[in-house]
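The file model-v8.txt comes next; it holds compact mmCIF, C-alpha atoms and all ligand atoms.
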```
# COMPACT_ATOMS: atom_id res chain seq x y z
CA MET A 1321 -115.37 0.85 -16.80
CA GLU A 1322 -115.34 -2.68 -18.30
CA ALA A 1323 -114.15 -1.94 -21.88
CA VAL A 1324 -115.53 1.61 -22.07
CA PRO A 1325 -113.32 4.62 -21.24
CA VAL A 1326 -115.22 6.76 -18.74
CA ASP A 1327 -113.97 9.92 -20.49
CA ARG A 1328 -115.62 8.82 -23.71
CA MET A 1329 -118.97 8.44 -21.92
CA ALA A 1330 -118.48 11.80 -20.20
CA GLU A 1331 -118.17 13.51 -23.57
CA LYS A 1332 -121.54 12.13 -24.66
CA VAL A 1333 -123.53 12.06 -21.42
CA SER A 1334 -122.06 15.22 -19.80
CA THR A 1335 -121.16 15.30 -16.14
CA PRO A 1336 -122.22 14.64 -13.47
CA PHE A 1337 -123.67 11.20 -14.06
CA TYR A 1338 -123.85 7.79 -12.42
CA CYS A 1339 -122.35 4.85 -14.21
CA TYR A 1340 -122.75 1.15 -13.32
CA SER A 1341 -120.95 -1.98 -14.51
CA ALA A 1342 -123.30 -4.85 -15.33
CA ALA A 1343 -120.41 -7.32 -15.03
CA ALA A 1344 -119.55 -6.07 -11.54
CA ILE A 1345 -123.17 -6.43 -10.41
CA ARG A 1346 -123.40 -9.90 -11.94
CA GLY A 1347 -120.15 -10.80 -10.17
CA ARG A 1348 -121.54 -9.76 -6.78
CA ILE A 1349 -124.82 -11.59 -7.43
CA GLY A 1350 -122.81 -14.73 -8.22
CA LEU A 1351 -120.83 -14.50 -4.97
CA CYS A 1352 -123.99 -13.89 -2.99
CA GLN A 1353 -125.77 -16.83 -4.60
CA SER A 1354 -122.90 -19.23 -4.10
CA ALA A 1355 -122.69 -18.33 -0.39
CA PHE A 1356 -126.38 -18.25 0.51
CA GLU A 1357 -127.86 -20.77 -1.88
CA ALA A 1358 -125.30 -23.24 -0.47
CA ILE A 1359 -127.15 -23.03 2.87
CA GLY A 1360 -130.53 -23.19 1.15
CA ALA A 1361 -131.33 -19.50 1.76
CA THR A 1362 -133.31 -17.31 -0.64
CA ILE A 1363 -132.01 -13.86 -1.69
CA HIS A 1364 -134.30 -10.84 -1.91
CA TYR A 1365 -132.52 -7.76 -3.30
CA ALA A 1366 -133.29 -4.64 -1.22
CA VAL A 1367 -134.60 -2.44 -4.03
CA LYS A 1368 -134.01 0.76 -2.06
CA ALA A 1369 -130.24 0.50 -2.62
CA ASN A 1370 -130.60 1.11 -6.36
CA SER A 1371 -133.98 0.86 -8.00
CA ASN A 1372 -133.03 1.64 -11.58
CA LEU A 1373 -134.98 -0.74 -13.83
CA ALA A 1374 -131.78 -1.83 -15.57
CA VAL A 1375 -130.27 -2.81 -12.21
CA LEU A 1376 -133.46 -4.61 -11.23
CA GLY A 1377 -133.36 -6.37 -14.60
CA LEU A 1378 -129.99 -7.88 -13.64
CA MET A 1379 -131.49 -9.14 -10.38
CA ALA A 1380 -134.46 -10.63 -12.25
CA GLU A 1381 -132.16 -12.25 -14.82
CA ALA A 1382 -130.30 -14.00 -11.97
CA GLY A 1383 -133.57 -15.16 -10.43
CA LEU A 1384 -133.32 -13.06 -7.26
CA GLY A 1385 -136.36 -11.99 -5.30
CA ALA A 1386 -136.91 -8.48 -3.96
CA ASP A 1387 -137.34 -6.71 -0.65
CA ILE A 1388 -139.54 -3.66 -1.19
CA VAL A 1389 -140.73 -0.80 1.01
CA SER A 1390 -143.32 0.99 -1.11
CA GLU A 1391 -145.83 0.55 -3.91
CA GLY A 1392 -143.35 2.31 -6.20
CA GLU A 1393 -140.70 -0.31 -5.47
CA LEU A 1394 -143.30 -3.05 -5.99
CA VAL A 1395 -144.20 -1.73 -9.43
CA ARG A 1396 -140.54 -1.33 -10.39
CA ALA A 1397 -139.69 -4.87 -9.27
CA LEU A 1398 -142.63 -6.35 -11.18
CA GLN A 1399 -141.88 -4.34 -14.29
CA ALA A 1400 -138.27 -5.54 -14.21
CA GLY A 1401 -139.51 -9.12 -14.25
CA ILE A 1402 -139.01 -10.08 -10.60
CA GLU A 1403 -141.47 -12.83 -9.67
CA PRO A 1404 -144.23 -11.64 -7.30
CA ARG A 1405 -143.86 -14.88 -5.32
CA THR A 1406 -140.32 -13.81 -4.36
CA ILE A 1407 -141.21 -10.34 -3.05
CA ILE A 1408 -141.06 -9.39 0.63
CA PHE A 1409 -142.70 -6.15 1.77
CA SER A 1410 -140.87 -4.40 4.65
CA GLY A 1411 -141.33 -0.93 6.15
CA VAL A 1412 -142.93 0.69 9.18
CA GLY A 1413 -145.53 2.81 7.40
CA LYS A 1414 -147.14 0.71 4.69
CA ARG A 1415 -150.38 2.46 3.78
CA ARG A 1416 -153.63 0.61 3.14
CA ALA A 1417 -153.45 1.23 -0.61
CA GLU A 1418 -149.89 -0.10 -0.69
CA LEU A 1419 -150.83 -3.24 1.24
CA LEU A 1420 -153.69 -3.71 -1.19
CA ALA A 1421 -151.45 -3.36 -4.25
CA ALA A 1422 -149.09 -5.97 -2.81
CA LEU A 1423 -152.00 -8.32 -1.99
CA ASP A 1424 -153.27 -7.95 -5.55
CA ALA A 1425 -149.82 -8.71 -6.92
CA GLY A 1426 -149.68 -11.90 -4.84
CA ILE A 1427 -146.37 -11.24 -3.10
CA PHE A 1428 -144.54 -13.84 -1.04
CA GLN A 1429 -144.52 -12.24 2.41
CA PHE A 1430 -145.43 -9.14 4.42
CA ASN A 1431 -143.02 -8.28 7.24
CA LEU A 1432 -145.25 -6.74 9.88
CA GLU A 1433 -143.72 -3.96 11.93
CA SER A 1434 -146.51 -2.95 14.34
CA LEU A 1435 -149.77 -4.19 15.81
CA PRO A 1436 -151.87 -1.53 14.02
CA GLU A 1437 -150.30 -2.58 10.70
CA LEU A 1438 -151.13 -6.20 11.50
CA GLU A 1439 -154.76 -5.26 12.18
CA GLN A 1440 -154.91 -3.20 8.99
CA LEU A 1441 -153.71 -6.15 6.87
CA ALA A 1442 -156.03 -8.59 8.68
CA ASP A 1443 -158.93 -6.24 7.95
CA LEU A 1444 -157.98 -5.97 4.27
CA CYS A 1445 -157.79 -9.75 3.95
CA ARG A 1446 -161.18 -10.09 5.63
CA THR A 1447 -162.90 -7.59 3.35
CA ARG A 1448 -161.32 -9.07 0.24
CA GLY A 1449 -161.66 -12.68 1.32
CA CYS A 1450 -158.00 -13.42 0.67
CA THR A 1451 -154.97 -14.55 2.65
CA ALA A 1452 -151.49 -13.12 3.17
CA ASN A 1453 -148.27 -14.72 4.40
CA VAL A 1454 -146.82 -12.71 7.24
CA SER A 1455 -143.68 -12.66 9.29
CA ILE A 1456 -143.30 -10.64 12.44
CA ARG A 1457 -140.38 -8.26 12.17
CA VAL A 1458 -139.03 -8.29 15.67
CA ASN A 1459 -136.71 -5.70 17.11
CA PRO A 1460 -133.92 -8.07 18.21
CA GLU A 1461 -132.18 -5.47 20.40
CA VAL A 1462 -128.81 -6.22 18.83
CA ASP A 1463 -126.41 -3.31 18.45
CA ALA A 1464 -124.63 -3.77 15.13
CA ALA A 1465 -122.18 -0.94 15.95
CA THR A 1466 -122.58 0.86 12.66
CA HIS A 1467 -123.39 4.56 12.04
CA ARG A 1468 -126.24 5.68 14.33
CA HIS A 1469 -128.37 6.75 11.34
CA ILE A 1470 -128.31 3.26 9.82
CA THR A 1471 -128.52 1.06 12.90
CA THR A 1472 -132.00 -0.35 13.23
CA GLY A 1473 -132.15 -3.22 15.69
CA VAL A 1474 -131.55 -1.51 19.04
CA LYS A 1475 -134.10 -0.99 21.81
CA GLY A 1476 -136.29 2.05 21.22
CA SER A 1477 -135.76 2.04 17.45
CA LYS A 1478 -138.81 2.65 15.27
CA PHE A 1479 -138.27 -0.63 13.42
CA GLY A 1480 -139.83 -3.96 14.25
CA ILE A 1481 -142.28 -5.08 16.89
CA PRO A 1482 -140.89 -4.84 20.43
CA ILE A 1483 -140.31 -8.23 22.03
CA GLU A 1484 -142.91 -7.49 24.74
CA GLN A 1485 -145.60 -7.24 22.03
CA MET A 1486 -144.73 -10.47 20.26
CA ALA A 1487 -147.31 -12.55 22.17
CA SER A 1488 -150.09 -10.09 21.24
CA ALA A 1489 -148.97 -10.18 17.60
CA LEU A 1490 -149.08 -13.98 17.55
CA ASN A 1491 -152.53 -14.04 19.15
CA LEU A 1492 -153.90 -11.52 16.66
CA ILE A 1493 -152.50 -13.53 13.75
CA ALA A 1494 -153.92 -16.78 15.14
CA ALA A 1495 -157.33 -15.12 15.57
CA SER A 1496 -157.44 -13.75 12.04
CA ASP A 1497 -158.69 -15.80 9.09
CA GLY A 1498 -156.56 -14.09 6.50
CA LEU A 1499 -153.09 -13.99 8.04
CA GLN A 1500 -150.88 -17.05 7.64
CA LEU A 1501 -147.88 -17.03 9.95
CA HIS A 1502 -144.62 -17.65 8.09
CA GLY A 1503 -142.14 -16.82 10.81
CA LEU A 1504 -139.88 -14.05 12.04
CA ALA A 1505 -137.83 -11.31 10.44
CA VAL A 1506 -135.02 -9.06 11.69
CA HIS A 1507 -132.79 -6.44 10.12
CA ILE A 1508 -130.06 -5.27 12.44
CA GLY A 1509 -128.59 -2.40 10.43
CA SER A 1510 -126.53 -1.55 7.39
CA GLN A 1511 -122.82 -1.48 6.47
CA ILE A 1512 -122.05 -4.12 9.09
CA VAL A 1513 -118.48 -5.37 8.68
CA GLU A 1514 -118.34 -8.24 11.17
CA PRO A 1515 -120.33 -11.48 11.37
CA GLU A 1516 -120.73 -11.32 15.15
CA PRO A 1517 -123.86 -9.10 15.26
CA TYR A 1518 -125.52 -11.63 12.95
CA ARG A 1519 -124.57 -14.40 15.35
CA ARG A 1520 -126.23 -12.52 18.23
CA ALA A 1521 -129.37 -11.95 16.14
CA CYS A 1522 -129.46 -15.64 15.10
CA ARG A 1523 -129.18 -16.75 18.72
CA ARG A 1524 -132.13 -14.58 19.71
CA LEU A 1525 -134.16 -15.86 16.78
CA ARG A 1526 -133.28 -19.41 17.71
CA ARG A 1527 -134.63 -18.93 21.22
CA TRP A 1528 -137.84 -17.37 19.94
CA VAL A 1529 -138.36 -20.17 17.43
CA PHE A 1530 -138.21 -22.72 20.28
CA ASP A 1531 -140.55 -20.64 22.47
CA MET A 1532 -143.05 -20.06 19.69
CA ARG A 1533 -143.06 -23.66 18.53
CA ALA A 1534 -143.59 -24.75 22.13
CA GLN A 1535 -146.71 -22.56 22.13
CA GLY A 1536 -147.94 -24.31 19.00
CA HIS A 1537 -147.06 -21.70 16.38
CA ALA A 1538 -145.65 -22.95 13.08
CA ILE A 1539 -142.42 -21.10 12.38
CA ASN A 1540 -140.99 -22.12 9.03
CA HIS A 1541 -139.32 -18.96 7.76
CA LEU A 1542 -136.60 -16.72 9.18
CA ASP A 1543 -135.69 -13.50 7.37
CA LEU A 1544 -132.29 -12.18 8.47
CA GLY A 1545 -132.48 -8.89 6.54
CA GLY A 1546 -129.48 -7.30 4.82
CA GLY A 1547 -126.71 -5.04 6.02
CA PHE A 1548 -123.61 -6.77 4.62
CA GLY A 1549 -120.88 -4.13 4.57
CA ILE A 1550 -118.59 -3.30 1.63
CA ASP A 1551 -115.06 -1.92 1.62
CA TYR A 1552 -115.31 1.86 1.15
CA GLY A 1553 -111.52 2.08 1.35
CA ASP A 1554 -110.59 1.14 4.91
CA GLY A 1555 -110.23 -2.56 4.10
CA ARG A 1556 -113.22 -3.55 6.26
CA CYS A 1557 -116.06 -5.51 4.70
CA LEU A 1558 -118.16 -8.59 5.26
CA ASP A 1559 -117.68 -11.76 3.24
CA TYR A 1560 -121.01 -13.34 2.28
CA ARG A 1561 -119.60 -16.77 3.14
CA ALA A 1562 -118.78 -15.67 6.70
CA VAL A 1563 -122.38 -14.57 7.35
CA ALA A 1564 -123.82 -17.64 5.65
CA ALA A 1565 -121.61 -19.85 7.84
CA VAL A 1566 -122.91 -18.12 10.98
CA MET A 1567 -126.51 -18.60 9.86
CA GLU A 1568 -125.87 -22.25 9.09
CA GLN A 1569 -124.13 -22.83 12.45
CA GLU A 1570 -126.80 -21.10 14.53
CA LEU A 1571 -129.97 -22.01 12.63
CA GLY A 1572 -129.06 -24.98 10.42
CA ASP A 1573 -130.82 -27.56 12.58
CA LEU A 1574 -134.12 -25.70 12.92
CA ALA A 1575 -135.64 -26.81 9.62
CA VAL A 1576 -136.51 -23.26 8.63
CA GLN A 1577 -136.30 -21.52 5.26
CA ILE A 1578 -133.81 -18.64 5.62
CA ALA A 1579 -134.12 -15.43 3.60
CA VAL A 1580 -131.63 -12.56 3.26
CA GLU A 1581 -132.18 -9.04 1.90
CA PRO A 1582 -128.87 -7.63 0.64
CA GLY A 1583 -128.92 -4.21 -0.99
CA ARG A 1584 -125.67 -2.26 -0.83
CA SER A 1585 -123.32 -5.22 -1.18
CA LEU A 1586 -124.78 -6.19 -4.57
CA VAL A 1587 -124.45 -2.79 -6.22
CA ALA A 1588 -122.23 -0.30 -4.34
CA GLU A 1589 -118.88 -1.28 -5.83
CA ALA A 1590 -120.30 -1.44 -9.34
CA GLY A 1591 -121.07 2.29 -9.44
CA LEU A 1592 -119.17 5.51 -10.11
CA LEU A 1593 -120.29 9.10 -9.84
CA VAL A 1594 -118.45 10.85 -12.66
CA SER A 1595 -117.92 14.57 -12.21
CA GLU A 1596 -115.87 17.48 -13.49
CA VAL A 1597 -113.87 19.99 -11.49
CA VAL A 1598 -115.56 23.35 -12.08
CA TYR A 1599 -113.01 25.48 -10.23
CA ARG A 1600 -109.90 25.20 -8.13
CA LYS A 1601 -110.22 27.74 -5.37
CA GLU A 1602 -106.86 28.65 -3.87
CA VAL A 1603 -107.55 29.22 -0.19
CA GLU A 1604 -104.87 29.15 2.52
CA PRO A 1605 -103.96 26.73 3.96
CA VAL A 1606 -106.00 24.15 2.01
CA PRO A 1607 -107.32 24.68 -1.53
CA PHE A 1608 -110.80 23.58 -2.62
CA LEU A 1609 -111.67 21.48 -5.63
CA ILE A 1610 -115.23 22.40 -6.52
CA LEU A 1611 -117.04 19.65 -8.41
CA ASP A 1612 -120.09 19.86 -10.63
CA ALA A 1613 -121.59 17.03 -8.50
CA GLY A 1614 -123.08 17.97 -5.15
CA MET A 1615 -124.77 16.61 -2.07
CA ASN A 1616 -128.08 16.56 -3.95
CA ASP A 1617 -126.53 13.95 -6.27
CA LEU A 1618 -124.73 11.88 -3.63
CA LEU A 1619 -126.02 12.55 -0.14
CA ARG A 1620 -124.06 9.96 1.83
CA PRO A 1621 -121.04 12.12 2.77
CA ALA A 1622 -123.26 14.98 4.00
CA LEU A 1623 -125.76 12.74 5.79
CA TYR A 1624 -123.52 10.09 7.33
CA GLN A 1625 -120.01 11.54 7.04
CA ALA A 1626 -119.44 8.67 4.62
CA THR A 1627 -116.21 8.57 2.63
CA HIS A 1628 -116.28 7.94 -1.10
CA GLN A 1629 -112.77 7.77 -2.51
CA LEU A 1630 -112.00 9.96 -5.50
CA VAL A 1631 -109.91 9.05 -8.51
CA THR A 1632 -108.81 11.15 -11.47
CA LEU A 1633 -109.60 9.93 -14.96
CA LYS A 1634 -106.24 10.91 -16.43
CA GLU A 1635 -102.87 9.53 -15.32
CA PRO A 1636 -101.84 11.47 -12.21
CA ASP A 1637 -98.66 13.55 -12.51
CA GLY A 1638 -96.84 15.97 -10.20
CA VAL A 1639 -96.60 15.83 -6.44
CA PRO A 1640 -99.78 15.09 -4.49
CA GLU A 1641 -101.33 17.95 -2.55
CA ILE A 1642 -103.76 18.23 0.34
CA CYS A 1643 -107.14 19.68 -0.62
CA HIS A 1644 -110.85 19.70 0.20
CA VAL A 1645 -113.31 18.32 -2.37
CA VAL A 1646 -116.69 20.01 -2.28
CA GLY A 1647 -119.86 20.35 -4.33
CA PRO A 1648 -121.57 23.54 -5.50
CA VAL A 1649 -124.61 23.35 -3.18
CA CYS A 1650 -125.11 26.16 -0.67
CA GLU A 1651 -124.50 24.07 2.46
CA SER A 1652 -121.24 23.57 4.33
CA SER A 1653 -122.05 19.88 4.56
CA ASP A 1654 -121.80 19.66 0.76
CA THR A 1655 -118.28 18.32 1.23
CA PHE A 1656 -117.15 15.04 -0.27
CA LEU A 1657 -113.63 14.85 1.17
CA ARG A 1658 -111.80 16.94 3.72
CA GLN A 1659 -108.00 17.32 3.86
CA VAL A 1660 -107.42 14.58 1.36
CA SER A 1661 -104.16 13.92 -0.45
CA LEU A 1662 -104.70 13.90 -4.23
CA PRO A 1663 -102.62 14.38 -7.34
CA GLN A 1664 -102.76 17.97 -8.62
CA ILE A 1665 -106.12 18.33 -10.39
CA ALA A 1666 -106.89 21.32 -12.60
CA ALA A 1667 -110.28 22.86 -13.39
CA GLY A 1668 -111.91 21.07 -16.29
CA GLU A 1669 -110.48 17.67 -15.37
CA ARG A 1670 -112.79 14.76 -14.71
CA VAL A 1671 -112.89 12.66 -11.56
CA ALA A 1672 -114.95 9.75 -10.27
CA LEU A 1673 -116.26 9.06 -6.78
CA LEU A 1674 -116.11 5.33 -6.12
CA HIS A 1675 -118.58 2.85 -4.58
CA ALA A 1676 -121.50 5.03 -5.61
CA GLY A 1677 -123.79 2.28 -6.91
CA ALA A 1678 -125.80 1.95 -3.68
CA TYR A 1679 -127.81 4.71 -1.98
CA GLY A 1680 -126.54 7.19 -4.58
CA ALA A 1681 -128.96 7.92 -7.41
CA VAL A 1682 -131.92 6.75 -5.31
CA MET A 1683 -131.27 9.42 -2.69
CA ALA A 1684 -130.78 12.27 -5.18
CA SER A 1685 -132.92 15.39 -5.12
CA GLY A 1686 -133.32 18.57 -7.13
CA TYR A 1687 -132.17 20.81 -4.25
CA ASN A 1688 -130.86 24.20 -5.38
CA SER A 1689 -132.91 23.65 -8.58
CA ARG A 1690 -130.27 21.33 -9.88
CA ASP A 1691 -130.95 18.49 -12.29
CA ILE A 1692 -131.45 14.92 -11.12
CA ILE A 1693 -128.51 13.44 -12.94
CA PRO A 1694 -128.58 10.63 -15.50
CA GLU A 1695 -127.55 7.01 -15.05
CA VAL A 1696 -125.60 4.86 -17.47
CA MET A 1697 -125.13 1.07 -17.55
CA VAL A 1698 -121.96 -0.35 -19.07
CA SER A 1699 -121.80 -3.88 -20.35
CA GLY A 1700 -118.64 -5.07 -22.09
CA ASP A 1701 -117.70 -2.53 -24.75
CA HIS A 1702 -120.98 -0.65 -24.88
CA TYR A 1703 -123.02 1.57 -22.61
CA THR A 1704 -126.65 2.56 -22.39
CA LEU A 1705 -128.32 5.59 -20.89
CA VAL A 1706 -130.64 3.87 -18.39
CA ARG A 1707 -132.17 7.05 -16.97
CA ARG A 1708 -132.04 10.40 -18.67
CA ALA A 1709 -131.53 13.51 -16.55
CA VAL A 1710 -134.62 14.95 -14.89
CA SER A 1711 -133.84 18.58 -15.48
CA TYR A 1712 -134.96 21.53 -13.40
CA ARG A 1713 -137.18 22.39 -16.38
CA ASP A 1714 -138.90 19.00 -16.13
CA LEU A 1715 -139.52 19.66 -12.45
CA MET A 1716 -140.77 23.20 -13.12
CA ALA A 1717 -143.29 21.76 -15.57
CA TYR A 1718 -145.07 20.08 -12.62
CA GLU A 1719 -145.57 23.35 -10.77
CA LEU A 1720 -148.85 25.17 -11.01
CA PRO A 1721 -148.33 28.91 -10.68
CA GLU A 1722 -151.62 30.70 -10.10
N1 LIG B 1 -133.76 -5.01 4.62
C1 LIG B 1 -134.29 -3.99 5.32
C2 LIG B 1 -135.50 -4.22 6.09
C3 LIG B 1 -133.65 -2.74 5.31
O1 LIG B 1 -134.18 -1.73 6.01
C4 LIG B 1 -132.48 -2.54 4.54
C5 LIG B 1 -131.80 -1.25 4.50
C6 LIG B 1 -131.98 -3.64 3.81
C7 LIG B 1 -132.63 -4.85 3.88
C8 LIG B 1 -130.74 -3.54 2.96
O2 LIG B 1 -129.62 -3.24 3.71
P1 LIG B 1 -128.17 -3.20 2.99
O3 LIG B 1 -127.84 -4.61 2.58
O4 LIG B 1 -128.27 -2.30 1.82
O5 LIG B 1 -127.28 -2.66 4.03
N2 LIG B 1 -128.95 5.04 3.05
C9 LIG B 1 -128.06 4.34 3.95
C10 LIG B 1 -128.45 2.90 4.15
C11 LIG B 1 -129.87 2.72 4.64
C12 LIG B 1 -130.26 1.26 4.77
C13 LIG B 1 -131.71 1.13 5.06
N3 LIG B 1 -132.20 -0.21 5.14
C14 LIG B 1 -126.64 4.49 3.43
O6 LIG B 1 -126.45 5.14 2.40
O7 LIG B 1 -125.70 4.00 4.04
```
If you took the structure in this file and wrote it as structure tokens, what would it be?
Amino acid sequence: MEAVPVDRMAEKVSTPFYCYSAAAIRGRIGLCQSAFEAIGATIHYAVKANSNLAVLGLMAEAGLGADIVSEGELVRALQAGIEPRTIIFSGVGKRRAELLAALDAGIFQFNLESLPELEQLADLCRTRGCTANVSIRVNPEVDAATHRHITTGVKGSKFGIPIEQMASALNLIAASDGLQLHGLAVHIGSQIVEPEPYRRACRRLRRWVFDMRAQGHAINHLDLGGGFGIDYGDGRCLDYRAVAAVMEQELGDLAVQIAVEPGRSLVAEAGLLVSEVVYRKEVEPVPFLILDAGMNDLLRPALYQATHQLVTLKEPDGVPEICHVVGPVCESSDTFLRQVSLPQIAAGERVALLHAGAYGAVMASGYNSRDIIPEVMVSGDHYTLVRRAVSYRDLMAYELPE
């Protein structure tokens, strides 16, 4: 990883652990900025993808804004040095205290996802005598054809305000003293590998902008969300420039400020999950490699049948074999790879699961009373432990036996 041998880190940090390359993250940020800043769009990193303060520090250093979904993410973003005036607050269940914390911080925009949430924020602004910039997150009813667990913009989804309720939302905003209408927001899903769903979403937004302006509403901001897919090994991914071109073609003449909220595409490829083979279990017809990393560390394969490719840390030798790669957790779904062809790997050898920088560490749990594993950031020829392990003992210390 950059100039640091992963094996050398593994000797010090002990497996399993997550490891990120600062240069790789900076490289992705650069690509994202050159594509979107060229069309005048602002970039708000979706903190949920990887909220480690060191990762957020890289976003702050590059001047990116943030897309947050909780008070915890707000506090992390602020602590990392992200400017409050670049923060967008998304999410369907923002509690009153969370809205208040974001109001106090002076964030850029609240994306409203329901009429009751809108009323809650209007009430808070009234009692505090302050104002808030709001965009209506609309459900655009665009099917982005991704995994059903991560598609968000289809009819009947819990996200966004249904189109039928948009007029009520606009009236409520117009009638409130505290809410300033910015514009509209959509997020059509995640790991989208073609620009076409974005084109469909842009066309809907375009129509709504005309309709709303005709009714006298000032629409100056459009937030297109995130969702830009990366190549997990099948060669399919989305080029930032392709999406930016679609946005420019479909919305360029509307005189609106465009915002995007990429998460995965900025960090996924920069991360490894480093693990050791605990046992080889010879079972006919397919042997198992049992890792010391499990579904509690990297949930994506179990939850979405996602594939994370595996590489060995030493030079492969011998003929490849077909095997299953599993974790130690007591669930059949704790399987990383099924029937995969790999070089012969013995117990005690180290391996790395690729593309683990997004939705990896952030989705970890202590299931089976396992540790929450540490995270390491590599930069050039040095590395830093950027989160120590949260051990089962640490977690036990919070319990209150009678
Ligand atoms: N904006 C909003 C409102 C979102 O809900 C999300 C992701 C993003 C931006 C960032 O999307 P990205 O660029 O990362 O695709 N845990 C799943 C992904 C869940 C995505 C949730 N929302 C996974 O591991 O695939």
Per residue of chain A within 9 Å of ligand LIG 1 (chain B), what are the shortest atom pair and its distance in Å to one decimal, counting all atoms listed in the file, with rows by chain and residue number, as a tab-separated table?
```
residue	atom	partner	partner_atom	distance
A:His1364	CA	B:LIG1	C7	8.5
A:Tyr1365	CA	B:LIG1	C7	7.7
A:Ala1366	CA	B:LIG1	C8	5.0
A:Val1367	CA	B:LIG1	C8	8.1
A:Lys1368	CA	B:LIG1	C5	7.2
A:Ala1369	CA	B:LIG1	O4	5.6
A:Asp1387	CA	B:LIG1	N1	6.6
A:Ile1388	CA	B:LIG1	N1	8.3
A:Val1389	CA	B:LIG1	C2	8.1
A:Phe1409	CA	B:LIG1	C2	8.6
A:Ser1410	CA	B:LIG1	C2	5.6
A:Gly1411	CA	B:LIG1	C2	6.7
A:Asn1431	CA	B:LIG1	C2	8.6
A:Arg1457	CA	B:LIG1	C2	8.8
A:His1467	CA	B:LIG1	O7	8.3
A:His1469	CA	B:LIG1	C9	7.8
A:Ile1470	CA	B:LIG1	C11	5.4
A:Thr1471	CA	B:LIG1	C12	8.3
A:Thr1472	CA	B:LIG1	O1	7.7
A:Phe1479	CA	B:LIG1	O1	8.5
A:Ala1505	CA	B:LIG1	C2	8.6
A:Val1506	CA	B:LIG1	C2	7.4
A:His1507	CA	B:LIG1	C2	5.3
A:Ile1508	CA	B:LIG1	C3	8.4
A:Gly1509	CA	B:LIG1	O5	6.5
A:Ser1510	CA	B:LIG1	O5	3.6
A:Gln1511	CA	B:LIG1	O5	5.2
A:Ile1512	CA	B:LIG1	O5	7.4
A:Leu1544	CA	B:LIG1	N1	8.3
A:Gly1545	CA	B:LIG1	N1	4.5
A:Gly1546	CA	B:LIG1	O3	3.9
A:Gly1547	CA	B:LIG1	O5	3.2
A:Phe1548	CA	B:LIG1	O3	5.2
A:Gly1549	CA	B:LIG1	O5	6.6
A:Val1580	CA	B:LIG1	C7	7.8
A:Glu1581	CA	B:LIG1	C7	4.7
A:Pro1582	CA	B:LIG1	O3	3.7
A:Gly1583	CA	B:LIG1	O4	3.5
A:Arg1584	CA	B:LIG1	O4	3.7
A:Ser1585	CA	B:LIG1	O3	5.9
A:Leu1586	CA	B:LIG1	O3	7.9
A:Val1587	CA	B:LIG1	O4	8.9
A:Ala1588	CA	B:LIG1	O4	8.9
A:Leu1619	CA	B:LIG1	O6	7.8
A:Arg1620	CA	B:LIG1	O6	5.4
A:Pro1621	CA	B:LIG1	O6	8.8
A:Leu1623	CA	B:LIG1	O6	8.4
A:Tyr1624	CA	B:LIG1	O7	7.3
A:Ala1626	CA	B:LIG1	O7	7.8
A:Ala1678	CA	B:LIG1	O6	6.9
A:Tyr1679	CA	B:LIG1	O6	4.6
A:Gly1680	CA	B:LIG1	O6	7.3
A:Met1683	CA	B:LIG1	N2	7.6
```
Work out how far apart atom CA of A:Asn1616 and atom CA of A:Glu1604 are and give it in Å to one decimal.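 Distance reported for this atom pair: 27.2 Å.
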Among listed residues A:Ala1382, A:Leu1673, A:Leu1419, A:Met1615, nearest A:Ser1595 (using all atoms listed in the file): A:Leu1673
Neighbour list for stretch 1715-1720 of chain A as a VMD selection string, cut-off 9 Å, all atoms listed in the file, skip fewer than 3 positions in-chain: chain A and resid 1686 1689 1691 1710 to 1712
Shell of 10 Å around A:Ala1422, only C-alpha atoms, local chain residues under 2 positions omitted, as a PyMOL selection string: chain A and resi 1388+1390-1391+1394-1395+1404+1407-1409+1416-1420+1424-1430+1452
Name the closest residue to A:Arg1523 among the candidates A:Ala1495, A:Ala1538, A:Ile1349, A:Val1462; distances are taken between atoms, counting only C-alpha atoms.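 The closest residue to A:Arg1523 is A:Val1462.
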Report, in Å with one decimal, the straight-line distance from atom CA of A:Gln1629 to atom CA of A:Asp1654.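 The value is 15.3 Å.
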Select, from A:Pro1607, A:Pro1517, A:Val1326, A:Glu1695, the residue with the minimum atom-to-atom distance to A:Arg1707, counting all atoms listed in the file.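 Looking only at the distances to A:Arg1707, the closest residue turns out to be A:Glu1695.
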Would you kindly return, as a list of chain:residue names, each protein, DNA or RNA residue with an atom no farther than 9 Å from any atom of A:Gly1383, considering only C-alpha atoms and excluding same-chain residues fewer than 3 positions away?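 Neighbouring residues, sequence-local ones excluded: A:Ile1363, A:Leu1378, A:Met1379, A:Ala1380, A:Ile1402, A:Glu1403.
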Tell me, in Å to one decimal, how far atom CA of A:Leu1611 is from atom CA of A:Arg1658.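 Computed distance, atom CA of A:Leu1611 to atom CA of A:Arg1658, equals 13.5 Å.
With distances taken over all atoms listed in the file, A:Glu1433 is the one residue among A:Glu1461, A:Ala1374, A:Glu1433, A:Ala1534 lying closest to A:Leu1504.
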Would you mind telling me which residue in A:Leu1492, A:Ala1579, A:Ala1397, A:Val1646 lies nearest to A:Ser1434 when using only C-alpha atoms?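 Selected residue with least distance to A:Ser1434: A:Leu1492.
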What's around A:Arg1524 at 10 Å? Count only C-alpha atoms, leave out sequence neighbours fewer than 3 positions away in its own chain, and write the answer as number ranges by chain. A: 1460-1462, 1518-1521, 1527-1529, 1570
